[in-house]
Amino acid sequence: MLATDAAGLGFDGLLYSDTVPLHDVDQGTIAEFTALCAKAGLNPVVQLDIARFPLNHPAVVANPELFAFRSNDARSGVVDPRNPLPAAGQAVARVRSSDAAAVIGKVVAQSLIALVEGSGIATVQIAGADQMHPELLGSIVTAVRASKPDTGFLAAIDRDPTHAGTLGGTGVDCLVAPLATLNASSSGGLPTLAVVGSAGAPRTPYALAEAKSAAALGHGVVAPLDWLSGPEGIEALEDAITLLRQSSEYAGEWHPLAAAGSAVEVMLRSRAGDLRSSADALLILRNTTDTERGVPQRSALSDRLGSFGDVENLAPLAPYEVRLVPVERGNAIVTVPDAATPMAAGGEDRLVIEAIAPCVDNGAHAVKRTVGETVEVRATIFADGHEKLSAELFWRAADEPVWHSARMLQQPNDLWLARFDLRRLGRHEYRIEAWLDRFAGFQRDFAKKVAAGVALPVDQAEGLALIETAAKRSHGALADGLIDVAQMIANADAEAAGELLLSSDLRVLMDKADDRPHRAASPTVIVDAERIEARFSSWYEIFPRSMTDNPERHGTFDDVIDHLPRIRAMGFDTLYFPPIHPIGTANRKGPNNTLTPGPGDPGSPYAIGSADGGHDAIHPELGTFADFDRLVRVAADHGLEIALDFAIQASPDHPWLQEHPGWFAWLPDGSMKYAENPPKKYQDIVNFDFYGPDAQPGLWHALRDVILLWVRHGVKTFRVDNPHTKPLPFWEWMIAEVRAQHPEVLFLSEAFTRPNMMYRLAKVGFNQSYTYFTWRDTKAELVDYITELATEAPKDFYRPHFFVNTPDINPHFLQTGGRPAHRIRAVLAATLSGLWGVYSGFELCDAAPLGPGKEEYLDSEKYQIRVRDWNEPGNIIADVTRLNALRRTHPALQTHLNTRFYTAHDDNIIWYGKPSPTGGTAQDGALSEMIMVMVNMDPHHSHGCAFEIPLWEFGLPDHASIAVEDLVEGHRFDWHGKTQHIELHPSEPYRIWRLSLPEENA
């Protein structure tokens, strides 16, 4: 018999298979069930529905308001509303109402007592207990046990497990709930039996495993009796009983640790009560799948796991395995506080100075600015209580012994501001001090009391005491002045004394005498004031050897001089050369990067070094140092500065390989290690080893001295090739060495690499940086990128240099977009950043690629001499010239930091404004003028859209008018209203306007 088998396994009760209506019990059937249980040695349990009553029950007739009525009238056809309906159906007691406790509780208790006495049932399970008012259930339990004290009560939780917590005081012995709704933390402290499976349902491995979980999570298991009819069910229930015994010591709350639906369920159960106060716990793991599964990593589990156990070292779980792992809470870390005594703690800063800006990495690196700029310093400063604070900004040039100072102004929410000017080139520093300003606090509070008419003599005495104390610590005229004021206050009447105490003259004296109690000081912040070209410059790149008029003749510095008027006429102010040093012959590259050069091929200028010299020499075919010096002078006369490429790499012919082999990287077989950037290979170049056996300090000093050599020849700007492949400590040391002697020297980082490295190079000293602008072709990409550069942390140290192309980079956008694409990229680069650059040929719309998908130029000047027609039809020289002229005229176009993007309802049209950084503001902070730029970023199609004029920036309402000057065409007109419409064709892909207040608003 299955019931006997259940008792043999360890089960102690048998639940009747159906829910029995209490008020319609079949006593004969219940008696047979009780006899069956007695024979098997099991406690009979019957689940009762106590809420449903016959319609004619006396309690229903007497108290109809306590019931809801359910009709089961099966009549069909039309019902005559004039005739009363016969009674049909049943009445359902309103068991959620506390009003039902007195009447229904008494009736139910009487019926239960009769059932227990008549059938031998010792335990009843109340169906739907989670839907009952606790007072009702409690009254039933109390009344039954008054007559039958040994009666057991189980509360079935069917729909609302959250209500179970309210049943703790009702007297029921245990909750019964499905495993899916089991939650020990909301059980009200009652034991819980977990229900798994259902009679007649398939005994799946998943369902059988649920029984094991139920045993570990509950205080018992309710399982279908028919599971004992098969070996898999018997095994599952045997395992469940074993797990129940193993987990019996852990009766406290439990919490799921893994995410819902995880293949491996993980639960943690306390030994008793609240998990937070449990020294040890039980880890319960259940594999819900038919394959072996590893235990989830700690990072995938809830933080409730805390310091319990080490899940990383647990073995994988077999299919459908349930495992119990006792775990202990790890010991908390006990430390010795830094301030071991109240005296030591009291010596710490009482005031807080934080969120200092501008500041880079808490002062570890310099903030970048240019000479002539005003630095606005911000800080959050606060202290405990309601004391009045004061703060002061101190600043100085690095070679000044004395600090300048200015009081900071307090703003809302603990923000303090002050400004200082950068009047000299080079390094500056600033710091902040803050203190409790007791006399200012007194004046603030005393003024409020006087205004409210509640000032007392003791308040005046407080102020007088502060003055007398200040006089004692002062000397000379200051002390005499304070003594005089104190005497005047002491001899004056209350009104006159109050006026003296609140006077601004006294405030000045007390400020001078202030001993600044609880003074706190910030760390010192470094600010580099660099020349304006660090932020604003227009670069033009040429290969000097291509400035010839004959491809068979190598160009010279004198040839470059002939081109200076043309270059300056386009508006460029920096002329940049790739390396001008001797070029090696070993492994020389031929046209288009081939490995088979002809006898007359010039090679790549980046293969530096030959028998004619290295980084400190000039390629003989270009000219001499005297020729170079003359070029530098003539360029300066034209308003052009010469910038050189600093490429730390060498040809195998470089003299340093013979003179200093310990400066280079060698392979184990003794051969040279050639440069490569897979898949690219540079067989004509070898790399230096900055940490080679002889590299420190020899190589480091030699490279620094190369820079200093060219500085002596008039070069103040260096474009550095691939600095991210050289050590950061070298750059920080070398740049500091050079700029300590020559603060006017600038370094441009050509590092197309990860953002963190690009930003770090800027922090260690590079003044400008190449960017990802070259590949930001869509509106969304550009908006996100400029917003990052202009508003986030990089804004204080990273200056973006927007090159539209380089000898190495022929962007796909230019290759496929023709002349419109070149105009689009030119206007974007020239107006978004204060720094932009053009590699020669761009203005001629030269974008022929080496091949499909290649970013290399066909017939690249890196490997051959190219002679161009500088007036080639279809050029955009007029656009470039106009853009550079506008940049010089309008300071708003000389920085990226002021860029503001506005709404244009087309994903191909970008619309942005550039307020003037100097002046250009009207009253209340509203703008008086702004440069506005609109660009169609699609070089192939026209786009039109509605767009918004930012009238609010000018303090104007949406219906107002604003004056517009077309800076390209020279037209002037007015816009009326915030919303306008435009159509931009690829033939004219951009507009540049100057918006200003109408004369009546200016």
# chains A, B, ... in the order shown; residues from 1 in each chain; ligands from 1
call {"tool": "select_by_dssp", "arguments": {"residues": "range 667-866 of chain A", "states": "strand (DSSP E or B)", "output": "MDAnalysis selection string"}}
result
chainID A and resid 672 674:677 680:686 688 717:721 746:750 768:770 800:803 806 809 835:839 849 857
call {"tool": "write_last_selection", "arguments": {"atoms": "N, CA, C and O atoms", "output": "short mmCIF file (atom, residue, chain, number, x, y, z; two decimals), in the first residue's frame"}}
result
data_model
loop_
_atom_site.label_atom_id
_atom_site.label_comp_id
_atom_site.auth_asym_id
_atom_site.auth_seq_id
_atom_site.Cartn_x
_atom_site.Cartn_y
_atom_site.Cartn_z
N MET A 672 68.28 42.81 -37.05
CA MET A 672 67.49 43.95 -36.61
C MET A 672 66.01 43.59 -36.55
O MET A 672 65.50 42.81 -37.35
N TYR A 674 62.63 44.94 -37.42
CA TYR A 674 62.04 46.01 -38.21
C TYR A 674 60.70 46.42 -37.64
O TYR A 674 60.01 45.65 -36.96
N ALA A 675 60.32 47.65 -37.94
CA ALA A 675 59.06 48.19 -37.44
C ALA A 675 57.89 47.55 -38.18
O ALA A 675 57.97 47.24 -39.37
N GLU A 676 56.80 47.38 -37.47
CA GLU A 676 55.59 46.87 -38.10
C GLU A 676 54.38 47.25 -37.24
O GLU A 676 54.49 47.46 -36.03
N ASN A 677 53.28 47.39 -37.91
CA ASN A 677 51.99 47.61 -37.26
C ASN A 677 51.02 46.70 -37.98
O ASN A 677 50.35 47.12 -38.91
N LYS A 680 50.56 46.00 -41.48
CA LYS A 680 51.55 46.83 -42.17
C LYS A 680 52.95 46.47 -41.72
O LYS A 680 53.18 46.20 -40.53
N LYS A 681 53.90 46.50 -42.68
CA LYS A 681 55.30 46.27 -42.36
C LYS A 681 56.13 47.42 -42.91
O LYS A 681 55.85 47.95 -43.99
N TYR A 682 57.13 47.80 -42.14
CA TYR A 682 58.00 48.91 -42.54
C TYR A 682 59.44 48.39 -42.57
O TYR A 682 60.22 48.57 -41.64
N GLN A 683 59.77 47.73 -43.68
CA GLN A 683 61.08 47.08 -43.78
C GLN A 683 62.23 48.08 -43.83
O GLN A 683 63.38 47.71 -43.59
N ASP A 684 61.91 49.35 -44.11
CA ASP A 684 62.96 50.35 -44.20
C ASP A 684 63.17 51.10 -42.88
O ASP A 684 63.89 52.09 -42.83
N ILE A 685 62.54 50.62 -41.80
CA ILE A 685 62.61 51.31 -40.52
C ILE A 685 62.91 50.31 -39.41
O ILE A 685 62.40 49.19 -39.40
N VAL A 686 63.75 50.71 -38.46
CA VAL A 686 64.00 49.94 -37.25
C VAL A 686 63.63 50.80 -36.05
O VAL A 686 63.64 52.04 -36.12
N PHE A 688 63.79 52.10 -31.96
CA PHE A 688 64.65 52.29 -30.79
C PHE A 688 64.11 51.48 -29.62
O PHE A 688 62.92 51.20 -29.53
N THR A 717 57.56 74.35 -33.19
CA THR A 717 56.43 73.43 -33.18
C THR A 717 56.85 72.10 -33.79
O THR A 717 57.46 72.09 -34.87
N PHE A 718 56.52 71.01 -33.11
CA PHE A 718 56.90 69.67 -33.57
C PHE A 718 55.67 68.77 -33.61
O PHE A 718 54.93 68.67 -32.63
N ARG A 719 55.47 68.16 -34.75
CA ARG A 719 54.47 67.10 -34.89
C ARG A 719 55.18 65.79 -34.62
O ARG A 719 56.18 65.47 -35.27
N VAL A 720 54.72 65.03 -33.64
CA VAL A 720 55.42 63.82 -33.20
C VAL A 720 54.71 62.60 -33.77
O VAL A 720 53.51 62.39 -33.58
N ASP A 721 55.48 61.78 -34.48
CA ASP A 721 54.95 60.60 -35.17
C ASP A 721 54.78 59.45 -34.18
O ASP A 721 55.72 59.05 -33.49
N LEU A 746 55.83 73.89 -28.88
CA LEU A 746 54.59 73.12 -28.89
C LEU A 746 54.83 71.74 -29.49
O LEU A 746 55.66 71.58 -30.39
N PHE A 747 54.07 70.76 -28.99
CA PHE A 747 54.15 69.39 -29.49
C PHE A 747 52.76 68.91 -29.87
O PHE A 747 51.82 68.98 -29.08
N LEU A 748 52.63 68.43 -31.10
CA LEU A 748 51.39 67.85 -31.62
C LEU A 748 51.53 66.33 -31.63
O LEU A 748 52.44 65.78 -32.25
N SER A 749 50.62 65.66 -30.96
CA SER A 749 50.64 64.20 -30.88
C SER A 749 49.87 63.58 -32.05
O SER A 749 48.68 63.83 -32.21
N GLU A 750 50.57 62.76 -32.84
CA GLU A 750 49.91 62.02 -33.92
C GLU A 750 49.73 60.58 -33.44
O GLU A 750 50.47 59.68 -33.79
N GLN A 768 48.77 69.57 -28.37
CA GLN A 768 47.70 69.33 -29.33
C GLN A 768 47.67 67.85 -29.68
O GLN A 768 48.66 67.14 -29.47
N SER A 769 46.54 67.41 -30.23
CA SER A 769 46.42 65.99 -30.54
C SER A 769 45.58 65.78 -31.80
O SER A 769 44.54 66.41 -31.97
N TYR A 770 46.06 64.88 -32.66
CA TYR A 770 45.21 64.38 -33.73
C TYR A 770 43.99 63.71 -33.08
O TYR A 770 44.03 63.31 -31.91
N PRO A 800 41.96 69.25 -29.50
CA PRO A 800 41.80 68.45 -30.73
C PRO A 800 42.25 69.22 -31.96
O PRO A 800 41.87 70.37 -32.17
N HIS A 801 43.08 68.58 -32.76
CA HIS A 801 43.55 69.14 -34.03
C HIS A 801 42.86 68.37 -35.14
O HIS A 801 43.08 67.18 -35.31
N PHE A 802 41.98 69.06 -35.87
CA PHE A 802 41.16 68.41 -36.88
C PHE A 802 41.85 68.46 -38.25
O PHE A 802 41.67 69.42 -39.01
N PHE A 803 42.64 67.43 -38.54
CA PHE A 803 43.20 67.27 -39.88
C PHE A 803 42.15 66.60 -40.76
O PHE A 803 41.59 65.57 -40.39
N THR A 806 45.68 63.20 -44.23
CA THR A 806 47.12 63.14 -43.98
C THR A 806 47.74 62.31 -45.09
O THR A 806 47.03 61.63 -45.84
N ILE A 809 46.37 58.98 -44.52
CA ILE A 809 44.92 58.78 -44.40
C ILE A 809 44.19 59.54 -45.51
O ILE A 809 44.12 60.76 -45.50
N LEU A 835 41.90 74.37 -34.09
CA LEU A 835 43.05 73.80 -34.79
C LEU A 835 42.55 72.93 -35.94
O LEU A 835 41.77 72.01 -35.73
N TRP A 836 42.99 73.27 -37.16
CA TRP A 836 42.65 72.37 -38.26
C TRP A 836 43.84 72.29 -39.21
O TRP A 836 44.70 73.18 -39.23
N GLY A 837 43.91 71.19 -39.96
CA GLY A 837 45.05 70.97 -40.83
C GLY A 837 44.66 70.35 -42.16
O GLY A 837 43.68 69.61 -42.26
N VAL A 838 45.45 70.69 -43.18
CA VAL A 838 45.23 70.20 -44.54
C VAL A 838 46.55 69.66 -45.08
O VAL A 838 47.58 70.33 -45.00
N TYR A 839 46.53 68.45 -45.58
CA TYR A 839 47.67 67.92 -46.32
C TYR A 839 47.50 68.34 -47.78
O TYR A 839 46.44 68.13 -48.38
N PRO A 849 42.43 56.72 -54.47
CA PRO A 849 42.97 55.75 -53.52
C PRO A 849 43.93 54.76 -54.19
O PRO A 849 43.89 54.56 -55.41
N TYR A 857 46.85 56.95 -50.37
CA TYR A 857 46.74 57.68 -51.62
C TYR A 857 47.46 56.93 -52.74
O TYR A 857 48.51 56.32 -52.52
#
call {"tool": "closest_atom_pairs", "arguments": {"of": "range 480-558 of chain A", "to": "range 574-591 of chain A", "cutoff": "12 Å", "atoms": "only C-alpha atoms", "output": "JSON lines"}}
result
{"residue": "A:Glu533", "atom": "CA", "partner": "A:Thr574", "partner_atom": "CA", "distance": 9.0}
{"residue": "A:Ala534", "atom": "CA", "partner": "A:Thr574", "partner_atom": "CA", "distance": 11.3}
{"residue": "A:Phe536", "atom": "CA", "partner": "A:Thr574", "partner_atom": "CA", "distance": 10.4}
{"residue": "A:Ser537", "atom": "CA", "partner": "A:Thr574", "partner_atom": "CA", "distance": 6.8}
{"residue": "A:Ser538", "atom": "CA", "partner": "A:Thr574", "partner_atom": "CA", "distance": 6.1}
{"residue": "A:Trp539", "atom": "CA", "partner": "A:Thr574", "partner_atom": "CA", "distance": 4.7}
{"residue": "A:Tyr540", "atom": "CA", "partner": "A:Leu575", "partner_atom": "CA", "distance": 5.1}
{"residue": "A:Glu541", "atom": "CA", "partner": "A:Tyr576", "partner_atom": "CA", "distance": 4.7}
{"residue": "A:Ile542", "atom": "CA", "partner": "A:Phe577", "partner_atom": "CA", "distance": 5.7}
{"residue": "A:Phe543", "atom": "CA", "partner": "A:Phe577", "partner_atom": "CA", "distance": 6.0}
{"residue": "A:Pro544", "atom": "CA", "partner": "A:Phe577", "partner_atom": "CA", "distance": 6.9}
{"residue": "A:Arg545", "atom": "CA", "partner": "A:Ile580", "partner_atom": "CA", "distance": 9.1}
{"residue": "A:Ser546", "atom": "CA", "partner": "A:Phe577", "partner_atom": "CA", "distance": 11.2}
{"residue": "A:Met547", "atom": "CA", "partner": "A:Phe577", "partner_atom": "CA", "distance": 11.6}
{"residue": "A:Gly555", "atom": "CA", "partner": "A:Ile580", "partner_atom": "CA", "distance": 11.5}
{"residue": "A:Thr556", "atom": "CA", "partner": "A:Ile580", "partner_atom": "CA", "distance": 10.4}
{"residue": "A:Phe557", "atom": "CA", "partner": "A:Ile580", "partner_atom": "CA", "distance": 10.0}
call {"tool": "write_last_selection", "arguments": {"atoms": "N, CA and C atoms", "output": "mmCIF file, in the first residue's frame"}}
result
data_model
loop_
_atom_site.group_PDB
_atom_site.id
_atom_site.type_symbol
_atom_site.label_atom_id
_atom_site.label_comp_id
_atom_site.auth_asym_id
_atom_site.auth_seq_id
_atom_site.Cartn_x
_atom_site.Cartn_y
_atom_site.Cartn_z
ATOM 1 N N GLU A 533 48.966 79.805 -30.405
ATOM 2 C CA GLU A 533 49.002 78.782 -31.456
ATOM 3 C C GLU A 533 48.774 77.381 -30.921
ATOM 4 N N ALA A 534 48.860 77.205 -29.614
ATOM 5 C CA ALA A 534 48.530 75.903 -29.033
ATOM 6 C C ALA A 534 47.045 75.606 -29.166
ATOM 7 N N PHE A 536 44.882 77.836 -31.360
ATOM 8 C CA PHE A 536 44.329 78.346 -32.611
ATOM 9 C C PHE A 536 45.428 78.439 -33.661
ATOM 10 N N SER A 537 45.311 77.621 -34.706
ATOM 11 C CA SER A 537 46.268 77.658 -35.804
ATOM 12 C C SER A 537 45.698 76.880 -36.975
ATOM 13 N N SER A 538 46.107 77.267 -38.169
ATOM 14 C CA SER A 538 45.676 76.591 -39.398
ATOM 15 C C SER A 538 46.918 76.023 -40.080
ATOM 16 N N TRP A 539 46.977 74.709 -40.191
ATOM 17 C CA TRP A 539 48.175 74.018 -40.668
ATOM 18 C C TRP A 539 48.019 73.605 -42.139
ATOM 19 N N TYR A 540 49.176 73.664 -42.817
ATOM 20 C CA TYR A 540 49.251 73.169 -44.204
ATOM 21 C C TYR A 540 50.486 72.290 -44.289
ATOM 22 N N GLU A 541 50.312 71.063 -44.773
ATOM 23 C CA GLU A 541 51.405 70.088 -44.817
ATOM 24 C C GLU A 541 51.882 69.895 -46.254
ATOM 25 N N ILE A 542 53.206 69.965 -46.439
ATOM 26 C CA ILE A 542 53.788 69.692 -47.758
ATOM 27 C C ILE A 542 55.012 68.796 -47.602
ATOM 28 N N PHE A 543 55.348 68.114 -48.681
ATOM 29 C CA PHE A 543 56.635 67.442 -48.796
ATOM 30 C C PHE A 543 57.558 68.413 -49.545
ATOM 31 N N PRO A 544 58.570 68.982 -48.901
ATOM 32 C CA PRO A 544 59.423 69.965 -49.585
ATOM 33 C C PRO A 544 60.003 69.453 -50.901
ATOM 34 N N ARG A 545 60.283 68.170 -50.990
ATOM 35 C CA ARG A 545 60.893 67.651 -52.221
ATOM 36 C C ARG A 545 59.927 67.703 -53.399
ATOM 37 N N SER A 546 58.600 67.826 -53.125
ATOM 38 C CA SER A 546 57.627 67.901 -54.216
ATOM 39 C C SER A 546 57.353 69.333 -54.652
ATOM 40 N N MET A 547 58.026 70.296 -54.063
ATOM 41 C CA MET A 547 57.798 71.685 -54.464
ATOM 42 C C MET A 547 58.564 72.049 -55.738
ATOM 43 N N GLY A 555 62.973 68.660 -55.103
ATOM 44 C CA GLY A 555 62.713 69.993 -54.608
ATOM 45 C C GLY A 555 63.657 70.378 -53.487
ATOM 46 N N THR A 556 63.818 71.694 -53.276
ATOM 47 C CA THR A 556 64.728 72.228 -52.257
ATOM 48 C C THR A 556 63.986 73.211 -51.359
ATOM 49 N N PHE A 557 64.688 73.656 -50.312
ATOM 50 C CA PHE A 557 64.111 74.668 -49.439
ATOM 51 C C PHE A 557 63.838 75.965 -50.210
#
call {"tool": "residues_around", "arguments": {"residues": "range 250-264 of chain A", "least_positions_apart": "2", "cutoff": "6 Å", "atoms": "only C-alpha atoms", "output": "PyMOL selection string"}}
result
chain A and resi 184-185+247-248+266-273+286-288+301-302
call {"tool": "atom_distance", "arguments": {"atom1": "CA of Val711 in chain A", "atom2": "CA of Val745 in chain A"}}
result
7.9 Å
call {"tool": "closest_residue", "arguments": {"among": "A:Asn362, A:Ser98, A:Thr242, A:Thr123", "to": "Gly220 in chain A", "atoms": "only C-alpha atoms"}}
result
A:Thr242
call {"tool": "select_by_dssp", "arguments": {"residues": "range 471-675 of chain A", "states": "helix (DSSP H, G or I)", "output": "PyMOL selection string"}}
result
chain A and resi 471-472+476-491+494-501+504-513+532-534+544-547+557-569+591-593+625-637+655-659+661-663
call {"tool": "residues_around", "arguments": {"residues": "Ala199 in chain A", "least_positions_apart": "3", "cutoff": "9 Å", "atoms": "only C-alpha atoms", "output": "PyMOL selection string"}}
result
chain A and resi 17+202+223-227
call {"tool": "write_last_selection", "arguments": {"atoms": "N, CA, C and O atoms", "output": "PDB file, in the first residue's frame"}}
result
ATOM      1  N   SER A  17      -7.208  13.999  -0.848  1.00  0.00           N
ATOM      2  CA  SER A  17      -6.916  14.480  -2.196  1.00  0.00           C
ATOM      3  C   SER A  17      -7.775  15.652  -2.631  1.00  0.00           C
ATOM      4  O   SER A  17      -7.368  16.430  -3.492  1.00  0.00           O
ATOM      5  N   PRO A 202       2.917  14.100 -15.001  1.00  0.00           N
ATOM      6  CA  PRO A 202       4.152  13.357 -15.323  1.00  0.00           C
ATOM      7  C   PRO A 202       5.256  13.651 -14.304  1.00  0.00           C
ATOM      8  O   PRO A 202       5.428  14.788 -13.847  1.00  0.00           O
ATOM      9  N   ALA A 223       4.056  16.113  -1.232  1.00  0.00           N
ATOM     10  CA  ALA A 223       4.294  15.554  -2.558  1.00  0.00           C
ATOM     11  C   ALA A 223       3.175  14.581  -2.913  1.00  0.00           C
ATOM     12  O   ALA A 223       2.531  14.003  -2.028  1.00  0.00           O
ATOM     13  N   PRO A 224       2.928  14.381  -4.227  1.00  0.00           N
ATOM     14  CA  PRO A 224       1.866  13.450  -4.643  1.00  0.00           C
ATOM     15  C   PRO A 224       2.174  12.022  -4.180  1.00  0.00           C
ATOM     16  O   PRO A 224       3.304  11.541  -4.323  1.00  0.00           O
ATOM     17  N   LEU A 225       1.151  11.316  -3.668  1.00  0.00           N
ATOM     18  CA  LEU A 225       1.330   9.952  -3.191  1.00  0.00           C
ATOM     19  C   LEU A 225       1.703   9.003  -4.326  1.00  0.00           C
ATOM     20  O   LEU A 225       2.475   8.056  -4.124  1.00  0.00           O
ATOM     21  N   ASP A 226       1.232   9.322  -5.560  1.00  0.00           N
ATOM     22  CA  ASP A 226       1.488   8.391  -6.661  1.00  0.00           C
ATOM     23  C   ASP A 226       2.943   8.404  -7.114  1.00  0.00           C
ATOM     24  O   ASP A 226       3.337   7.626  -7.971  1.00  0.00           O
ATOM     25  N   TRP A 227       3.774   9.348  -6.581  1.00  0.00           N
ATOM     26  CA  TRP A 227       5.203   9.305  -6.894  1.00  0.00           C
ATOM     27  C   TRP A 227       5.837   8.010  -6.391  1.00  0.00           C
ATOM     28  O   TRP A 227       6.880   7.588  -6.878  1.00  0.00           O
TER      29      TRP A 227
END
call {"tool": "closest_residue", "arguments": {"among": "A:Asp938, A:Asp653, A:Glu135, A:Glu65", "to": "Gly171 in chain A", "atoms": "only C-alpha atoms"}}
result
A:Glu135
call {"tool": "residues_around", "arguments": {"residues": "range 331-335 of chain A", "least_positions_apart": "5", "cutoff": "12 Å", "atoms": "only C-alpha atoms", "output": "list in words"}}
result
Ala279, Asp280, Gly306, Ser307, Phe308, Gly309 and Ala340 of chain A
call {"tool": "write_last_selection", "arguments": {"atoms": "all heavy atoms", "output": "CSV table (one decimal), in the first residue's frame"}}
result
chain,number,residue,atom,x,y,z
A,279,ALA,N,25.6,33.9,11.9
A,279,ALA,CA,27.0,33.6,11.8
A,279,ALA,C,27.3,32.6,10.7
A,279,ALA,O,28.4,32.6,10.2
A,279,ALA,CB,27.6,33.2,13.1
A,280,ASP,N,26.4,31.7,10.5
A,280,ASP,CA,26.5,30.7,9.4
A,280,ASP,C,25.2,30.5,8.7
A,280,ASP,O,24.2,31.0,9.1
A,280,ASP,CB,27.1,29.4,10.0
A,280,ASP,CG,26.1,28.8,11.1
A,280,ASP,OD1,25.2,29.5,11.5
A,280,ASP,OD2,26.3,27.6,11.5
A,306,GLY,N,27.4,38.2,0.4
A,306,GLY,CA,28.3,38.8,1.3
A,306,GLY,C,29.6,38.1,1.5
A,306,GLY,O,30.2,37.6,0.6
A,307,SER,N,29.9,37.9,2.8
A,307,SER,CA,31.2,37.2,3.1
A,307,SER,C,30.9,35.7,3.4
A,307,SER,O,31.8,35.0,4.0
A,307,SER,CB,31.8,37.9,4.3
A,307,SER,OG,31.0,37.8,5.4
A,308,PHE,N,29.8,35.2,3.0
A,308,PHE,CA,29.5,33.8,3.2
A,308,PHE,C,30.1,32.9,2.1
A,308,PHE,O,29.8,33.1,0.9
A,308,PHE,CB,28.0,33.5,3.2
A,308,PHE,CG,27.2,33.9,4.4
A,308,PHE,CD1,26.4,34.9,4.4
A,308,PHE,CD2,27.4,33.2,5.6
A,308,PHE,CE1,25.7,35.3,5.6
A,308,PHE,CE2,26.8,33.5,6.8
A,308,PHE,CZ,25.9,34.6,6.8
A,309,GLY,N,31.0,32.1,2.5
A,309,GLY,CA,31.5,31.0,1.6
A,309,GLY,C,32.3,31.5,0.4
A,309,GLY,O,32.6,32.7,0.2
A,340,ALA,N,43.8,58.3,16.0
A,340,ALA,CA,43.7,57.4,17.2
A,340,ALA,C,43.1,58.1,18.4
A,340,ALA,O,42.6,57.4,19.3
A,340,ALA,CB,45.0,56.8,17.5
call {"tool": "atom_distance", "arguments": {"atom1": "CA of Leu243 in chain A", "atom2": "CA of Ala177 in chain A"}}
result
18.6 Å
call {"tool": "residues_around", "arguments": {"residues": "range 472-474 of chain A", "least_positions_apart": "6", "cutoff": "12 Å", "atoms": "only C-alpha atoms", "output": "number ranges by chain"}}
result
A: 465-466, 480-483, 486, 509-515
call {"tool": "write_last_selection", "arguments": {"atoms": "N, CA and C atoms", "output": "compact mmCIF listing (two decimals), in the first residue's frame"}}
result
# COMPACT_ATOMS: atom_id res chain seq x y z
N ALA A 465 33.17 91.63 22.01
CA ALA A 465 34.21 90.69 22.45
C ALA A 465 35.06 90.23 21.27
N LEU A 466 34.43 90.02 20.12
CA LEU A 466 35.20 89.63 18.93
C LEU A 466 36.16 90.73 18.50
N ASP A 480 45.23 99.83 16.82
CA ASP A 480 44.68 101.10 17.31
C ASP A 480 43.29 101.35 16.76
N GLY A 481 43.10 101.06 15.48
CA GLY A 481 41.79 101.27 14.88
C GLY A 481 40.72 100.42 15.51
N LEU A 482 41.03 99.18 15.80
CA LEU A 482 40.05 98.28 16.43
C LEU A 482 39.74 98.72 17.85
N ILE A 483 40.77 99.19 18.58
CA ILE A 483 40.54 99.65 19.95
C ILE A 483 39.62 100.86 19.94
N ALA A 486 36.08 99.74 19.30
CA ALA A 486 35.53 99.08 20.48
C ALA A 486 35.08 100.09 21.53
N LEU A 509 38.30 96.21 8.71
CA LEU A 509 39.30 96.09 9.76
C LEU A 509 39.36 94.68 10.33
N MET A 510 38.19 94.11 10.60
CA MET A 510 38.14 92.76 11.17
C MET A 510 38.66 91.72 10.19
N ASP A 511 38.45 91.97 8.91
CA ASP A 511 38.97 91.05 7.90
C ASP A 511 40.50 91.04 7.91
N LYS A 512 41.09 92.24 8.07
CA LYS A 512 42.55 92.32 8.13
C LYS A 512 43.09 91.64 9.38
N ALA A 513 42.33 91.69 10.46
CA ALA A 513 42.78 91.13 11.73
C ALA A 513 42.37 89.67 11.92
N ASP A 514 41.69 89.11 10.95
CA ASP A 514 41.15 87.75 11.08
C ASP A 514 42.29 86.74 11.20
N ASP A 515 42.22 85.89 12.21
CA ASP A 515 43.23 84.83 12.35
C ASP A 515 42.84 83.56 11.59
call {"tool": "atom_distance", "arguments": {"atom1": "CA of Phe69 in chain A", "atom2": "CA of Asp49 in chain A"}}
result
15.7 Å
